Amino acid sequence: MGKFYITTAIDYANGDPHIGHAYEKIGADVIARFHRLRGDDVHFLIGMDEHGQTVAQKAAERGLTPQQQVDEIAPRFRDMWSTLGISYDQFIRTTEEAHKTGVRALIKRIFDNNPDDFYEKSYRGLYCIGCESFKQASEVVDGRCVLHPSRVLEQVEERNWFFRLSKYQEFLRRVFTERPEFLQPESKRNEMLALLDQGLEDISASRARFTWGVPFPAPLSNGEHQTTYVWFDALPNYLTATGFPAKGYRDRWPADVHIIGKDITRFHSIIWPAMLQAAELPLPRRVWVHGFVLFGGEKFSKTAGVRLDLDEAIARFGVDAFRYFLLREVPFDADGSFTWERFEERYTADLANAFGNLASRVVTMVEKYTGGLVPAGVAPETHAADASDLSAYTAFLDGSRGYLLHEALRIVWNIVTRANEYAQRRQPWALAKEPASRGDLEQVLASLVRQLARLAVLVFPFMPGKAEELWQSLGGPGRAQDQRLEALLRLDPGGWRVVKGPALFPREQPSAKASSGR
RNA sequence: GGCAGGGUAGCUCAGCUGGUUAGAGCACGGCACUCAUAAUGCCGGGGUCGCGGGUUCGAGUCCCGCCCCUGCUACCA
């Protein structure tokens, strides 16, 4: 039993939760629940990134204060997470006082330990008054901002605090090479190594032009007070959530894993570790980068009309089926697609037919042939294969072979298939007709119930609701979530009383409207 | 442009250091069975392994060229 601190990216408070947010949270939730099944002391952090210009602008457009704006959005995320069954332990918001205190403490700590790591520098760039931000060369056409061509870009000079990121180049290279598990999957690690080869530039740590954020703890030499640059505000949430700088934060920090999307790899694997090193704090143990959920192979895009209504997708077959589909179909180390057709295929083939029907046929047979009482004495036949699958399952969920959640599900479905094959081969319905085969019949039924019980537990991290339903239906003691993976192979269902409930994953009526498109 | 990773059955993908008739799941067709959610099991059809050269007794697997796709190429979060 160990401690396990897992985090997801904090979501930017400028819109509603979408499938990309959901995918990451569901994946992290599976890992968190898996660790709880092992008896680990899990702490699962989720949160909101609520500072920055975009939020302030959005609020201004609506005539609200930034705080009103984010107070409105945060509950919408929380509601979605509870709908999706995300078992987070803490929901942090960067507007919380404790977070702001923590950020300032972290920066001060860098000033204390490595005073040279912050320095003042002037930054010159083209500034668009319309956007209220500096523009990159690629965003400028004919000397004008592409978004506000009627305005003239101004050459503006701003003096900021800079963080000496370049100093940590070799340190980071060592981290990447000496700790290959620090950043995964490997493709992302290679990208970051390539970035290091190019050489790191220092980054600004404060901004003058907006105030919706954490006041930077040190004034410039001219006395001006600036606002902490967004990433110096956002990234530390993982640390401030532990209570930092208050005593006791070390009980939780460092995080065991940061689960993030590929678009923010650099911030989490380069800037964040450099900040921590500068503050002389331990680095997170690993950063896992997942891909994006595409829609029919295309990126979701409001302008192109490529979108998916989360509530509609959840309503289609229920939360558990949605969780299953996303994690089965979208590899957790790469991009994948959501399509309604695929969703329906997976639901019917994997959930209704293979898994749901297995539960249904086994429970029915126990009711019919042994009066609902699970016989004692399991057969050894399926046991060895189950055991080897269980260890593969574990390796894909504990990170030792990468967090390949889709592979873990594939393994679980091997057990489902094996159970169906076993039933077909031993034909308990035929054994039931021969009084002389009573002993065989009982063994076969007990073995099938044992496999189902194992499945209920293995599937629990992915589909907690359905797992409990199945566990109850089998008459297992307590709840599925209280089981322990280590005990799974010793599981003996002898004496349990099964109860046939409604179908776990009801097949759709053929007459149901054939849905397609969006 | 540079760097990295890909292009294998209708779909999603396995195929380690080159070696018998190229595999899995889903979809599709047939058969068996009846405990089950018309479910399950078994069998089967289906691929010029991106294109063109080359090395080799032998290449999806190595080399060269070309075509196409994706990611990264740093301060919007």
# chains A, B, ... in the order shown; residues from 1 in each chain; ligands from 1

call {"tool": "residues_around", "arguments": {"residues": "stretch 54-65 of chain B", "least_positions_apart": "3", "cutoff": "10 Å", "atoms": "only C-alpha atoms (C1' of nucleotides)", "output": "list in words"}}
result
U8, G15, G18, G19, A22 and C49 of chain B

call {"tool": "interface_residues", "arguments": {"of": "chain B", "to": "chain A", "cutoff": "10 Å", "atoms": "only C-alpha atoms (C1' of nucleotides)", "output": "CSV table (one decimal) with C-alpha atoms (C1' of nucleotides), in the first residue's frame"}}
result
chain,number,residue,atom,x,y,z
B,3,C,C1',13.7,16.7,-37.3
B,4,A,C1',10.6,12.4,-35.8
B,5,G,C1',6.9,8.7,-36.7
B,11,C,C1',-12.6,-0.4,-40.5
B,12,U,C1',-8.9,-0.2,-36.2
B,25,G,C1',-10.6,-7.9,-33.5
B,26,C,C1',-14.9,-5.7,-35.7
B,27,A,C1',-17.9,-6.0,-40.2
B,33,C,C1',-25.8,-25.2,-30.4
B,34,U,C1',-30.0,-23.5,-27.3
B,35,C,C1',-28.1,-21.6,-21.1
B,36,A,C1',-28.4,-16.5,-22.8
B,37,U,C1',-29.8,-9.7,-24.6
B,39,A,C1',-27.0,-14.0,-28.0
B,40,U,C1',-22.5,-17.9,-28.1
B,41,G,C1',-19.1,-21.3,-30.5
B,70,U,C1',0.7,12.9,-38.7
B,71,G,C1',3.5,15.3,-34.9
B,72,C,C1',7.4,18.8,-33.2
B,73,U,C1',9.9,23.2,-34.9
B,74,A,C1',8.8,27.4,-27.8
B,75,C,C1',5.7,32.4,-24.2
B,76,C,C1',-3.1,32.0,-26.6
B,77,A,C1',-4.0,29.3,-22.6

call {"tool": "residues_around", "arguments": {"residues": "B:C28", "least_positions_apart": "2", "cutoff": "10 Å", "atoms": "only C-alpha atoms (C1' of nucleotides)", "output": "PyMOL selection string"}}
result
chain B and resi 10+45-46

call {"tool": "select_by_dssp", "arguments": {"residues": "stretch 5-74 of chain A", "states": "alpha helix (DSSP H)", "output": "number ranges by chain"}}
result
A: 19-37, 53-61, 66-74

call {"tool": "closest_residue", "arguments": {"among": "B:C51, B:C67, B:A38, B:A9", "to": "B:G23", "atoms": "only C-alpha atoms (C1' of nucleotides)"}}
result
B:A9

call {"tool": "residues_around", "arguments": {"residues": "stretch 95-106 of chain A", "least_positions_apart": "4", "cutoff": "10 Å", "atoms": "only C-alpha atoms (C1' of nucleotides)", "output": "NGL selection string"}}
result
:A and (48-51 or 67 or 70-71 or 110-112 or 212-218 or 228 or 232-246 or 275-276 or 278-281)

call {"tool": "write_last_selection", "arguments": {"atoms": "C-alpha atoms", "output": "PDB file, in the first residue's frame"}}
result
ATOM      1  CA  MET A  48      -9.534  25.015 -13.319  1.00  0.00           C
ATOM      2  CA  ASP A  49      -7.097  27.509 -14.745  1.00  0.00           C
ATOM      3  CA  GLU A  50      -8.933  30.755 -14.233  1.00  0.00           C
ATOM      4  CA  HIS A  51      -6.495  33.575 -14.800  1.00  0.00           C
ATOM      5  CA  GLN A  67     -14.385  36.338 -10.930  1.00  0.00           C
ATOM      6  CA  VAL A  70     -15.053  31.858 -13.649  1.00  0.00           C
ATOM      7  CA  ASP A  71     -17.500  31.270 -10.804  1.00  0.00           C
ATOM      8  CA  ILE A 110      13.385  30.489  -6.487  1.00  0.00           C
ATOM      9  CA  PHE A 111      14.572  34.007  -5.643  1.00  0.00           C
ATOM     10  CA  ASP A 112      16.000  32.649  -2.399  1.00  0.00           C
ATOM     11  CA  TRP A 212      -6.188  39.254 -13.795  1.00  0.00           C
ATOM     12  CA  GLY A 213      -3.729  36.942 -12.174  1.00  0.00           C
ATOM     13  CA  VAL A 214      -1.352  36.533  -9.284  1.00  0.00           C
ATOM     14  CA  PRO A 215       0.661  39.659  -8.453  1.00  0.00           C
ATOM     15  CA  PHE A 216       4.306  38.867  -9.096  1.00  0.00           C
ATOM     16  CA  PRO A 217       5.959  38.893  -5.671  1.00  0.00           C
ATOM     17  CA  ALA A 218       8.821  41.203  -6.619  1.00  0.00           C
ATOM     18  CA  THR A 228       2.667  36.571 -12.865  1.00  0.00           C
ATOM     19  CA  PHE A 232       4.053  30.430 -13.641  1.00  0.00           C
ATOM     20  CA  ASP A 233       0.569  30.628 -12.226  1.00  0.00           C
ATOM     21  CA  ALA A 234      -0.980  27.508 -13.768  1.00  0.00           C
ATOM     22  CA  LEU A 235       1.711  24.857 -13.491  1.00  0.00           C
ATOM     23  CA  PRO A 236       2.278  25.206  -9.761  1.00  0.00           C
ATOM     24  CA  ASN A 237      -1.314  24.152  -9.061  1.00  0.00           C
ATOM     25  CA  TYR A 238      -0.100  20.591  -8.718  1.00  0.00           C
ATOM     26  CA  LEU A 239       2.168  21.718  -5.926  1.00  0.00           C
ATOM     27  CA  THR A 240      -0.062  24.287  -4.250  1.00  0.00           C
ATOM     28  CA  ALA A 241      -2.833  21.674  -4.107  1.00  0.00           C
ATOM     29  CA  THR A 242      -0.714  19.796  -1.576  1.00  0.00           C
ATOM     30  CA  GLY A 243      -0.792  22.786   0.722  1.00  0.00           C
ATOM     31  CA  PHE A 244       2.592  24.157  -0.274  1.00  0.00           C
ATOM     32  CA  PRO A 245       4.286  26.037   1.304  1.00  0.00           C
ATOM     33  CA  ALA A 246       2.559  24.943   4.497  1.00  0.00           C
ATOM     34  CA  MET A 275      10.893  25.797 -12.121  1.00  0.00           C
ATOM     35  CA  LEU A 276      10.917  23.044  -9.528  1.00  0.00           C
ATOM     36  CA  ALA A 278      15.194  26.258  -9.496  1.00  0.00           C
ATOM     37  CA  ALA A 279      13.164  26.135  -6.309  1.00  0.00           C
ATOM     38  CA  GLU A 280      15.067  23.035  -5.260  1.00  0.00           C
ATOM     39  CA  LEU A 281      11.954  20.947  -5.013  1.00  0.00           C
TER      40      LEU A 281
END
